[in-house]
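As stored in my_file06.tsv (TSV, C-alpha atoms):
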```tsv
chain	number	residue	atom	x	y	z
A	181	MET	CA	17.20	-26.73	6.38
A	182	GLY	CA	19.82	-25.40	8.79
A	183	PHE	CA	23.54	-24.59	8.68
A	184	ASP	CA	26.06	-23.33	11.21
A	185	GLY	CA	26.79	-19.61	11.41
A	186	HIS	CA	29.76	-19.58	9.05
A	187	ALA	CA	27.99	-21.71	6.45
A	188	ARG	CA	24.89	-19.48	6.62
A	189	ARG	CA	26.93	-16.34	6.04
A	190	ARG	CA	28.86	-17.89	3.18
A	191	LEU	CA	25.73	-19.22	1.48
A	192	SER	CA	23.96	-15.87	1.93
A	193	ALA	CA	26.85	-14.07	0.26
A	194	GLU	CA	26.69	-16.54	-2.62
A	195	VAL	CA	22.93	-15.98	-2.98
A	196	LYS	CA	23.48	-12.23	-3.28
A	197	ALA	CA	26.29	-12.70	-5.79
A	198	GLU	CA	24.08	-14.94	-7.93
A	199	ALA	CA	21.21	-12.45	-7.71
A	200	ALA	CA	23.54	-9.74	-9.01
A	201	ARG	CA	24.70	-12.01	-11.83
A	202	LEU	CA	21.08	-12.59	-12.84
A	203	GLY	CA	20.52	-8.84	-13.16
A	204	PHE	CA	18.95	-7.89	-9.84
A	205	ASP	CA	20.13	-4.54	-8.51
A	206	ALA	CA	19.98	-5.48	-4.83
A	207	CYS	CA	19.31	-8.51	-2.66
A	208	GLY	CA	18.65	-8.85	1.05
A	209	ILE	CA	17.56	-11.59	3.43
A	210	SER	CA	15.21	-11.68	6.42
A	211	ARG	CA	13.92	-14.37	8.74
A	212	ALA	CA	10.59	-15.92	7.80
A	213	GLU	CA	8.44	-15.08	10.80
A	214	ARG	CA	5.01	-13.61	11.51
A	215	LEU	CA	4.79	-9.85	11.01
A	216	ASP	CA	3.02	-8.93	14.25
A	217	ASP	CA	3.42	-5.13	14.11
A	218	GLU	CA	2.58	-4.99	10.41
A	219	ALA	CA	-0.47	-7.19	11.01
A	220	ARG	CA	-1.87	-4.62	13.44
A	221	ARG	CA	-1.24	-1.75	11.02
A	222	LEU	CA	-2.78	-3.66	8.12
A	223	GLU	CA	-5.84	-4.51	10.19
A	224	THR	CA	-6.32	-0.83	11.11
A	225	TRP	CA	-5.96	0.23	7.47
A	226	LEU	CA	-8.55	-2.33	6.41
A	227	LEU	CA	-10.97	-1.38	9.19
A	228	GLU	CA	-10.70	2.26	8.07
A	229	ASP	CA	-11.77	1.09	4.59
A	230	ARG	CA	-8.65	2.58	3.01
A	231	HIS	CA	-8.37	-0.36	0.61
A	232	ALA	CA	-11.40	0.84	-1.43
A	233	SER	CA	-12.81	-1.99	-3.54
A	234	MET	CA	-9.69	-4.18	-3.30
A	235	GLY	CA	-11.48	-6.94	-1.41
A	236	TYR	CA	-8.57	-9.32	-1.96
A	237	MET	CA	-6.62	-7.33	0.65
A	238	GLU	CA	-9.01	-8.69	3.28
A	239	ARG	CA	-8.65	-12.29	2.17
A	240	ASN	CA	-5.85	-14.60	3.30
A	241	PHE	CA	-4.93	-12.21	6.11
A	242	GLU	CA	-2.77	-14.73	7.99
A	243	LYS	CA	-0.95	-15.76	4.82
A	244	ARG	CA	-0.26	-12.08	4.17
A	245	VAL	CA	1.46	-11.61	7.52
A	246	ASP	CA	2.95	-15.09	8.09
A	247	PRO	CA	5.20	-16.61	5.38
A	248	THR	CA	5.09	-20.03	7.02
A	249	ARG	CA	1.43	-20.17	5.90
A	250	LEU	CA	2.62	-19.87	2.30
A	251	VAL	CA	5.61	-22.23	2.47
A	252	ASP	CA	5.74	-25.11	4.93
A	253	GLY	CA	8.92	-24.96	6.96
A	254	ALA	CA	9.85	-21.48	5.65
A	255	ARG	CA	13.06	-20.19	7.23
A	256	SER	CA	14.13	-17.25	5.07
A	257	VAL	CA	12.73	-14.55	2.80
A	258	ILE	CA	15.08	-13.50	0.00
A	259	SER	CA	14.07	-10.05	-1.31
A	260	VAL	CA	15.34	-8.59	-4.58
A	261	LEU	CA	15.07	-5.22	-6.31
A	262	CYS	CA	15.07	-4.69	-10.07
A	263	ASN	CA	15.51	-1.16	-11.40
A	264	TYR	CA	13.08	-0.07	-14.15
A	265	TYR	CA	13.92	3.63	-14.49
A	266	SER	CA	14.16	5.04	-18.01
A	267	PRO	CA	15.76	8.47	-18.57
A	268	GLN	CA	13.06	9.21	-21.15
A	269	GLU	CA	10.51	11.72	-19.88
A	270	HIS	CA	6.77	12.17	-20.22
A	271	SER	CA	5.70	14.66	-22.83
A	272	PRO	CA	5.19	18.06	-21.13
A	273	ASP	CA	2.07	18.56	-23.25
A	274	PRO	CA	-1.04	18.13	-21.03
A	275	ALA	CA	-2.90	16.96	-24.15
A	276	THR	CA	-0.94	13.67	-24.00
A	277	GLY	CA	-1.89	10.74	-21.76
A	278	LYS	CA	0.49	9.86	-18.94
A	279	ILE	CA	1.26	6.21	-18.20
A	280	SER	CA	3.22	5.33	-15.08
A	281	ARG	CA	6.89	4.56	-15.76
A	282	TYR	CA	6.64	1.02	-14.47
A	283	ALA	CA	4.25	0.18	-17.32
A	284	TRP	CA	6.29	1.62	-20.21
A	285	GLY	CA	7.81	-1.75	-21.10
A	286	ASP	CA	7.02	-5.44	-20.69
A	287	ASP	CA	5.09	-6.81	-17.73
A	288	TYR	CA	7.39	-6.90	-14.71
A	289	HIS	CA	5.67	-10.02	-13.36
A	290	ASP	CA	7.04	-12.05	-16.26
A	291	VAL	CA	10.53	-10.52	-16.20
A	292	LEU	CA	11.07	-10.85	-12.46
A	293	LYS	CA	9.51	-14.29	-12.16
A	294	GLU	CA	11.91	-15.58	-14.80
A	295	LYS	CA	14.91	-14.21	-12.90
A	296	LEU	CA	13.58	-15.37	-9.53
A	297	TRP	CA	13.05	-18.93	-10.71
A	298	SER	CA	16.61	-18.91	-12.03
A	299	LEU	CA	17.79	-17.87	-8.58
A	300	TYR	CA	15.60	-20.56	-7.02
A	301	ALA	CA	17.03	-23.22	-9.35
A	302	TRP	CA	20.57	-22.12	-8.52
A	303	LEU	CA	19.90	-22.34	-4.76
A	304	ASP	CA	18.14	-25.68	-5.16
A	305	HIS	CA	21.20	-27.07	-6.95
A	306	ARG	CA	23.66	-25.40	-4.57
A	307	VAL	CA	22.02	-26.84	-1.44
A	308	GLY	CA	20.87	-30.14	-2.89
A	309	GLY	CA	17.12	-29.71	-2.78
A	310	ILE	CA	14.94	-27.00	-1.25
A	311	ALA	CA	11.25	-26.14	-0.88
A	312	GLY	CA	9.92	-22.68	-1.57
A	313	ARG	CA	8.01	-20.29	-3.82
A	314	ALA	CA	8.68	-17.17	-5.88
A	315	PHE	CA	6.47	-14.09	-5.53
A	316	VAL	CA	6.13	-10.95	-7.64
A	317	ASP	CA	3.19	-8.85	-6.48
A	318	SER	CA	0.82	-11.70	-7.28
A	319	ALA	CA	0.10	-13.37	-3.93
A	320	PRO	CA	-0.67	-12.30	-0.34
A	321	VAL	CA	2.88	-11.14	0.42
A	322	LEU	CA	3.84	-7.77	1.97
A	323	ASP	CA	6.77	-7.30	-0.38
A	324	LYS	CA	7.78	-3.80	0.77
A	325	VAL	CA	7.82	-4.92	4.39
A	326	TRP	CA	10.07	-7.89	3.65
A	327	ALA	CA	12.42	-5.76	1.56
A	328	ALA	CA	12.66	-3.23	4.38
A	329	ARG	CA	13.30	-5.99	6.93
A	330	SER	CA	16.13	-7.27	4.77
A	331	GLY	CA	17.87	-3.89	4.73
A	332	LEU	CA	17.06	-2.94	1.14
A	333	GLY	CA	15.56	0.38	2.17
A	334	TRP	CA	12.84	1.93	4.28
A	335	ILE	CA	9.16	2.48	3.56
A	336	GLY	CA	8.73	6.19	2.90
A	337	LYS	CA	5.87	8.51	3.78
A	338	HIS	CA	4.34	7.75	0.37
A	339	THR	CA	4.43	4.03	1.34
A	340	ASN	CA	6.91	3.13	-1.40
A	341	LEU	CA	10.22	1.49	-0.51
A	342	ILE	CA	13.19	3.87	-0.79
A	343	ASN	CA	16.68	2.51	-1.33
A	344	PRO	CA	19.44	4.98	-0.37
A	345	ARG	CA	21.56	3.97	-3.38
A	346	MET	CA	18.93	4.02	-6.13
A	347	GLY	CA	15.79	5.80	-4.95
A	348	SER	CA	12.45	4.07	-5.55
A	349	TRP	CA	12.15	3.29	-9.27
A	350	PHE	CA	12.34	-0.49	-8.90
A	351	PHE	CA	10.28	-3.65	-8.69
A	352	ILE	CA	10.35	-5.99	-5.70
A	353	GLY	CA	10.28	-9.79	-5.69
A	354	GLU	CA	10.77	-12.54	-3.11
A	355	LEU	CA	11.75	-16.13	-2.66
A	356	ILE	CA	10.35	-17.74	0.49
A	357	VAL	CA	12.45	-20.86	1.15
A	358	ASP	CA	13.05	-23.49	3.81
A	359	VAL	CA	16.78	-22.66	3.89
A	360	ASP	CA	18.23	-21.05	7.01
A	361	LEU	CA	20.21	-18.07	5.70
A	362	ALA	CA	21.97	-15.23	7.52
A	363	ALA	CA	19.46	-12.41	7.93
A	364	ASP	CA	20.28	-8.77	7.26
A	365	GLY	CA	19.02	-6.08	9.59
A	366	PRO	CA	16.76	-3.16	8.66
A	367	ILE	CA	18.17	0.30	8.04
A	368	PRO	CA	16.91	3.62	9.50
A	369	ASP	CA	14.15	5.75	7.99
A	370	TYR	CA	15.74	8.77	6.31
A	371	CYS	CA	12.58	10.64	5.30
A	372	GLY	CA	13.15	13.01	8.21
A	373	SER	CA	10.91	16.08	8.18
A	374	CYS	CA	10.40	15.97	4.39
A	375	THR	CA	6.76	16.09	3.26
A	376	ARG	CA	7.20	16.65	-0.48
A	377	CYS	CA	5.22	13.55	-1.46
A	378	ILE	CA	2.35	14.48	0.85
A	379	ASP	CA	2.29	18.08	-0.38
A	380	ALA	CA	2.47	17.10	-4.05
A	381	CYS	CA	-0.35	14.52	-4.13
A	382	PRO	CA	-3.14	16.25	-6.09
A	383	THR	CA	-5.93	14.13	-4.57
A	384	ASP	CA	-4.63	14.18	-0.96
A	385	ALA	CA	-4.37	10.40	-1.00
A	386	ILE	CA	-1.51	10.37	1.55
A	387	PHE	CA	-3.87	11.16	4.40
A	388	ARG	CA	-1.13	10.85	7.01
A	389	PRO	CA	2.59	10.06	6.77
A	390	TYR	CA	3.15	6.42	5.80
A	391	ALA	CA	-0.51	5.81	4.93
A	392	VAL	CA	-2.38	6.03	1.61
A	393	ASP	CA	-6.14	6.08	1.10
A	394	SER	CA	-6.74	3.96	-2.00
A	395	ASN	CA	-10.12	5.62	-2.48
A	396	ARG	CA	-8.27	8.80	-3.49
A	397	CYS	CA	-5.07	7.39	-4.99
A	398	ILE	CA	-4.70	8.03	-8.74
A	399	SER	CA	-2.96	4.70	-9.21
A	400	PHE	CA	-5.95	2.86	-7.73
A	401	LEU	CA	-8.47	5.00	-9.58
A	402	THR	CA	-6.84	4.32	-12.96
A	403	ILE	CA	-5.81	0.66	-12.50
A	404	GLU	CA	-7.64	-1.37	-9.87
A	405	ASN	CA	-10.91	0.59	-9.90
A	406	ARG	CA	-13.52	-1.43	-11.78
A	407	GLU	CA	-16.30	1.15	-11.55
A	408	SER	CA	-17.49	2.79	-14.76
A	409	THR	CA	-17.20	6.20	-13.13
A	410	VAL	CA	-14.88	8.04	-10.74
A	411	ASP	CA	-15.96	10.53	-8.07
A	412	PRO	CA	-16.19	13.83	-10.02
A	413	ASP	CA	-14.53	15.65	-7.11
A	414	LEU	CA	-11.34	13.70	-7.92
A	415	HIS	CA	-11.34	14.24	-11.69
A	416	GLY	CA	-9.28	17.42	-11.66
A	417	GLY	CA	-6.60	15.90	-9.45
A	418	MET	CA	-6.19	12.99	-11.86
A	419	GLN	CA	-4.76	15.46	-14.39
A	420	ASN	CA	-3.73	13.61	-17.57
A	421	TRP	CA	-2.82	10.31	-15.90
A	422	ILE	CA	-4.45	7.43	-17.78
A	423	PHE	CA	-2.66	4.52	-16.09
A	424	GLY	CA	-1.03	4.80	-12.69
A	425	CYS	CA	0.68	7.84	-11.21
A	426	ASP	CA	4.30	8.74	-10.42
A	427	ILE	CA	3.92	12.11	-8.72
A	428	CYS	CA	4.99	11.07	-5.22
A	429	GLN	CA	8.11	9.42	-6.63
A	430	GLU	CA	8.90	12.27	-9.01
A	431	VAL	CA	9.15	14.75	-6.13
A	432	CYS	CA	11.07	12.46	-3.74
A	433	PRO	CA	14.60	13.85	-3.11
A	434	TRP	CA	16.03	10.33	-2.88
A	435	ASN	CA	15.32	9.76	-6.56
A	436	LYS	CA	18.22	12.05	-7.41
A	437	PHE	CA	20.18	8.78	-7.20
A	438	LYS	CA	18.17	7.14	-9.98
A	439	PHE	CA	20.00	5.54	-12.90
A	440	ALA	CA	18.96	3.91	-16.14
A	441	ALA	CA	17.83	0.29	-15.98
A	442	GLU	CA	19.92	-2.31	-17.80
A	443	GLU	CA	16.98	-4.65	-18.49
A	444	PRO	CA	15.95	-3.96	-22.13
A	445	ARG	CA	12.47	-5.41	-21.59
A	446	PHE	CA	11.66	-2.36	-19.45
A	447	ASP	CA	12.53	0.06	-22.25
A	448	PRO	CA	9.58	2.30	-23.22
A	449	ARG	CA	7.40	0.97	-25.99
A	450	GLU	CA	6.67	3.27	-28.89
A	451	GLY	CA	3.95	5.79	-28.07
A	452	THR	CA	3.81	5.20	-24.31
A	453	THR	CA	5.08	8.69	-23.43
A	454	ASP	CA	3.83	10.96	-26.20
A	455	THR	CA	0.46	9.79	-27.57
A	456	LEU	CA	-2.23	12.45	-27.62
A	457	LEU	CA	-5.38	11.83	-25.61
A	458	THR	CA	-7.44	12.29	-28.75
A	459	LYS	CA	-5.52	9.39	-30.32
A	460	TRP	CA	-6.07	7.23	-27.24
A	461	MET	CA	-9.78	7.97	-27.57
A	462	GLU	CA	-9.76	6.39	-31.04
A	463	LEU	CA	-8.42	3.10	-29.66
A	464	ASP	CA	-10.75	0.11	-30.08
A	465	ILE	CA	-10.53	-3.06	-28.03
A	466	ASP	CA	-8.56	-5.02	-30.63
A	467	GLU	CA	-5.95	-2.27	-30.94
A	468	PHE	CA	-5.82	-1.95	-27.14
A	469	ARG	CA	-5.03	-5.65	-26.81
A	470	ARG	CA	-2.49	-5.56	-29.63
A	471	ARG	CA	-0.72	-2.44	-28.42
A	472	PHE	CA	-0.50	-3.55	-24.80
A	473	LYS	CA	0.09	-7.27	-25.24
A	474	GLY	CA	2.47	-8.38	-22.49
A	475	SER	CA	2.14	-4.98	-20.78
A	476	PRO	CA	0.92	-4.10	-17.26
A	477	VAL	CA	-1.56	-1.67	-18.86
A	478	LEU	CA	-3.88	-4.59	-19.60
A	479	ARG	CA	-4.57	-4.65	-15.86
A	480	ALA	CA	-6.88	-1.64	-16.26
A	481	LYS	CA	-9.06	-3.46	-18.82
A	482	PHE	CA	-10.25	-1.71	-21.99
A	483	GLU	CA	-13.30	-0.09	-20.37
A	484	GLY	CA	-11.24	1.25	-17.47
A	485	PHE	CA	-8.54	2.59	-19.78
A	486	LYS	CA	-11.06	4.46	-21.95
A	487	ARG	CA	-12.73	5.86	-18.80
A	488	ASN	CA	-9.36	7.21	-17.71
A	489	VAL	CA	-8.74	8.75	-21.13
A	490	ARG	CA	-12.13	10.48	-21.09
A	491	ILE	CA	-11.40	12.05	-17.68
A	492	ALA	CA	-7.90	13.13	-18.78
A	493	LEU	CA	-9.26	14.61	-22.01
A	494	LYS	CA	-11.86	16.59	-20.08
A	495	ASN	CA	-9.10	17.91	-17.81
A	496	SER	CA	-6.99	18.82	-20.85
A	497	LEU	CA	-9.86	20.71	-22.49
A	498	SER	CA	-10.50	22.55	-19.23
A	499	LEU	CA	-6.87	23.66	-19.17
A	500	ASP	CA	-7.20	24.89	-22.76
A	501	GLU	CA	-10.28	26.88	-21.82
A	502	GLU	CA	-8.53	28.37	-18.78
A	503	ALA	CA	-5.49	29.25	-20.88
A	504	GLY	CA	-7.72	30.88	-23.49
A	505	THR	CA	-9.59	32.89	-20.87
A	506	ARG	CA	-6.32	33.98	-19.29
A	507	SER	CA	-4.89	34.97	-22.66
A	508	ARG	CA	-7.97	37.04	-23.53
A	509	ARG	CA	-7.86	38.71	-20.11
A	510	GLU	CA	-4.18	39.58	-20.53
A	511	TRP	CA	-4.83	40.92	-24.06
A	512	THR	CA	-7.67	43.08	-22.73
A	513	LEU	CA	-5.49	44.48	-19.97
A	514	ASP	CA	-2.65	45.18	-22.39
A	515	SER	CA	-5.03	46.96	-24.74
A	516	SER	CA	-6.62	49.18	-22.11
```
As structure tokens:
Amino acid sequence: MGFDGHARRRLSAEVKAEAARLGFDACGISRAERLDDEARRLETWLLEDRHASMGYMERNFEKRVDPTRLVDGARSVISVLCNYYSPQEHSPDPATGKISRYAWGDDYHDVLKEKLWSLYAWLDHRVGGIAGRAFVDSAPVLDKVWAARSGLGWIGKHTNLINPRMGSWFFIGELIVDVDLAADGPIPDYCGSCTRCIDACPTDAIFRPYAVDSNRCISFLTIENRESTVDPDLHGGMQNWIFGCDICQEVCPWNKFKFAAEEPRFDPREGTTDTLLTKWMELDIDEFRRRFKGSPVLRAKFEGFKRNVRIALKNSLSLDEEAGTRSRREWTLDSS
């Protein structure tokens, strides 16, 4: 569905205004075309076996790099960002279990899909009939790549998208549509010489700038990993994370621009930031399902969640033992 240049620009501006009205924090547009460069990088990453046990990353390769394989006649990709940052902090007590910020509230898939379909319905009515699909991290779509192509940020050395106005605490969604909209251009990479995310990763998962080895990534190990055990050499680095990990984002200088999300469904649920690991250990499957109903945490499954808690508890007890040994050593030195 094509328009002349002026009509494309006007319609694109209206799309962005409607996205803002619906509660999205940013919106950008790119042309729906095959991602040739990204396809080569993805293929290399897969051949290096950096995707661990995520076999789905190998499937539907062409759909992953070519939006016209997902939507017949696709002309544009509309990317949106939705801030989820909460000013509440994790408990500093290592005896508590850490859950990644993105999972403190309701499942983002549901929240963003609702908003995206509202945007789709608006565009369908505005144009008089369109074809397309909405995506929220649930189909073979390289969402960070499309957001970067549409000028919403750049992909940082930790492989997360960074927006210069709001940092990286946001979700990404897309509409792939058969409407010819005015595309935005990408913006430069402003990571510069900074390596804070690489230096801070406790499992050395960022094995080179702009590349993450899922086999070592705490987020993979605590969410997607379906094994009953985790490599013992990685246990210590997992610290007290029991679902996901935020370390590379916490140290990123660009997150000084973070601000509180306005979407109340992302507000932290009771107990997500301050529950002791010993209490998490007492959780049975019924309580797990009740407590995390409609939450991303269900992604880990009950067995995976309890595995994570056991590792975190072991790490916590080790810290207690080290602290006790250090305290006794200091007391001995003071007494001598």
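In this model, the gap between atom CA of A:Ala219 and atom CA of A:Glu238 comes to 11.6 Å.
Minimum atom-to-atom distances from A:Lys196, A:His231, A:Lys436, A:Arg221 to A:Ser330 were compared using only C-alpha atoms, and the lowest value belongs to A:Lys196.
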What does the structure give for the distance between atom CA of A:Val251 and atom CA of A:Gly312, in Å to one decimal?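 Between atom CA of A:Val251 and atom CA of A:Gly312 the gap is 5.9 Å.
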Show me, as a list in words, the residues that have an atom within 6 Å of stretch 198-204 of chain A when counting only C-alpha atoms, minus same-chain residues fewer than 3 positions from it.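 Result of the neighbour search: Val195, Leu261 and Cys262 of chain A.
Residue nearest A:Arg396, chosen from A:Ala319, A:Leu227, A:Ala480, A:Ala232 and counting all atoms listed in the file: A:Ala232.
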Tell me which protein, DNA and RNA residues are within 12 Å of stretch 292-300 of chain A, counting only C-alpha atoms, leaving out same-chain ones fewer than 5 positions away, and put them as a ChimeraX atom specification. /A:194-205,207,257-264,286-287,305-318,350-359,443,445-446
Do you know which residues are at most 12 Å from stretch 409-417 of chain A counting all atoms listed in the file, after dropping those on the same chain fewer than 4 positions away, and could you put them as a ChimeraX atom specification? /A:380-385,395-405,421-422,425,427,483-499
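We find atom CA of A:Arg255 and atom CA of A:Thr339 to be spaced 26.4 Å apart.
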Taking only C-alpha atoms into account, name the residue in A:Asp464, A:Asp229, A:Glu218, A:Glu213 that is nearest to A:Asp252. A:Glu213
Could you list, with a cut-off of 6 Å and counting all atoms listed in the file, the residues of stretch 355-456 of chain A near stretch 276-279 of chain A, each shown with its nearest atom pair and the distance in Å rounded to one decimal, rows sorted by chain and ascending number, as JSON lines?
```
{"residue": "A:Asn420", "atom": "CA", "partner": "A:Gly277", "partner_atom": "CA", "distance": 5.4}
{"residue": "A:Trp421", "atom": "CA", "partner": "A:Lys278", "partner_atom": "CA", "distance": 4.5}
{"residue": "A:Ile422", "atom": "CA", "partner": "A:Lys278", "partner_atom": "CA", "distance": 5.6}
{"residue": "A:Phe423", "atom": "CA", "partner": "A:Ile279", "partner_atom": "CA", "distance": 4.8}
{"residue": "A:Asp454", "atom": "CA", "partner": "A:Thr276", "partner_atom": "CA", "distance": 5.9}
{"residue": "A:Thr455", "atom": "CA", "partner": "A:Thr276", "partner_atom": "CA", "distance": 5.5}
{"residue": "A:Leu456", "atom": "CA", "partner": "A:Thr276", "partner_atom": "CA", "distance": 4.0}
```
Since the input has fewer atoms than a full residue there, write stretch 306-315 of chain A out with all heavy atoms, as a short mmCIF file (atom, residue, chain, number, x, y, z; two decimals), in the coordinates of the input.
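selection_33.cif, written as the output of this step:
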```cif
data_model
loop_
_atom_site.label_atom_id
_atom_site.label_comp_id
_atom_site.auth_asym_id
_atom_site.auth_seq_id
_atom_site.Cartn_x
_atom_site.Cartn_y
_atom_site.Cartn_z
N ARG A 306 22.54 -25.69 -5.48
CA ARG A 306 23.66 -25.40 -4.57
C ARG A 306 23.50 -26.15 -3.25
O ARG A 306 24.46 -26.68 -2.69
CB ARG A 306 23.73 -23.88 -4.32
CG ARG A 306 24.64 -23.43 -3.20
CD ARG A 306 26.11 -23.70 -3.48
NE ARG A 306 26.94 -23.18 -2.42
CZ ARG A 306 27.12 -23.76 -1.24
NH1 ARG A 306 26.51 -24.92 -0.97
NH2 ARG A 306 27.91 -23.21 -0.33
N VAL A 307 22.26 -26.22 -2.74
CA VAL A 307 22.02 -26.84 -1.44
C VAL A 307 21.73 -28.32 -1.56
O VAL A 307 21.97 -29.10 -0.64
CB VAL A 307 20.85 -26.10 -0.73
CG1 VAL A 307 20.45 -26.80 0.55
CG2 VAL A 307 21.24 -24.66 -0.45
N GLY A 308 21.20 -28.73 -2.70
CA GLY A 308 20.87 -30.14 -2.89
C GLY A 308 19.42 -30.44 -2.60
O GLY A 308 19.09 -31.50 -2.05
N GLY A 309 18.55 -29.50 -2.97
CA GLY A 309 17.12 -29.71 -2.78
C GLY A 309 16.51 -28.76 -1.76
O GLY A 309 16.92 -28.80 -0.59
N ILE A 310 15.61 -27.91 -2.18
CA ILE A 310 14.94 -27.00 -1.25
C ILE A 310 13.44 -27.00 -1.55
O ILE A 310 12.99 -27.52 -2.57
CB ILE A 310 15.48 -25.56 -1.38
CG1 ILE A 310 15.17 -24.97 -2.77
CG2 ILE A 310 16.97 -25.50 -1.09
CD1 ILE A 310 15.52 -23.49 -2.90
N ALA A 311 12.67 -26.38 -0.65
CA ALA A 311 11.25 -26.14 -0.88
C ALA A 311 11.02 -24.63 -0.77
O ALA A 311 11.63 -23.97 0.07
CB ALA A 311 10.39 -26.88 0.14
N GLY A 312 10.17 -24.11 -1.63
CA GLY A 312 9.92 -22.68 -1.57
C GLY A 312 9.06 -22.21 -2.72
O GLY A 312 8.62 -23.00 -3.57
N ARG A 313 8.81 -20.90 -2.77
CA ARG A 313 8.01 -20.29 -3.82
C ARG A 313 8.57 -18.93 -4.18
O ARG A 313 9.24 -18.28 -3.36
CB ARG A 313 6.55 -20.13 -3.36
CG ARG A 313 5.80 -21.44 -3.13
CD ARG A 313 4.42 -21.19 -2.55
NE ARG A 313 3.56 -20.42 -3.45
CZ ARG A 313 2.33 -20.01 -3.12
NH1 ARG A 313 1.84 -20.29 -1.93
NH2 ARG A 313 1.61 -19.31 -3.98
N ALA A 314 8.28 -18.50 -5.40
CA ALA A 314 8.68 -17.17 -5.88
C ALA A 314 7.44 -16.29 -5.93
O ALA A 314 6.35 -16.74 -6.31
CB ALA A 314 9.32 -17.27 -7.25
N PHE A 315 7.60 -15.02 -5.56
CA PHE A 315 6.47 -14.09 -5.53
C PHE A 315 6.86 -12.77 -6.18
O PHE A 315 7.92 -12.21 -5.90
CB PHE A 315 6.04 -13.82 -4.09
CG PHE A 315 5.61 -15.05 -3.35
CD1 PHE A 315 6.52 -15.76 -2.58
CD2 PHE A 315 4.29 -15.50 -3.41
CE1 PHE A 315 6.13 -16.90 -1.89
CE2 PHE A 315 3.90 -16.64 -2.73
CZ PHE A 315 4.81 -17.34 -1.96
#
```
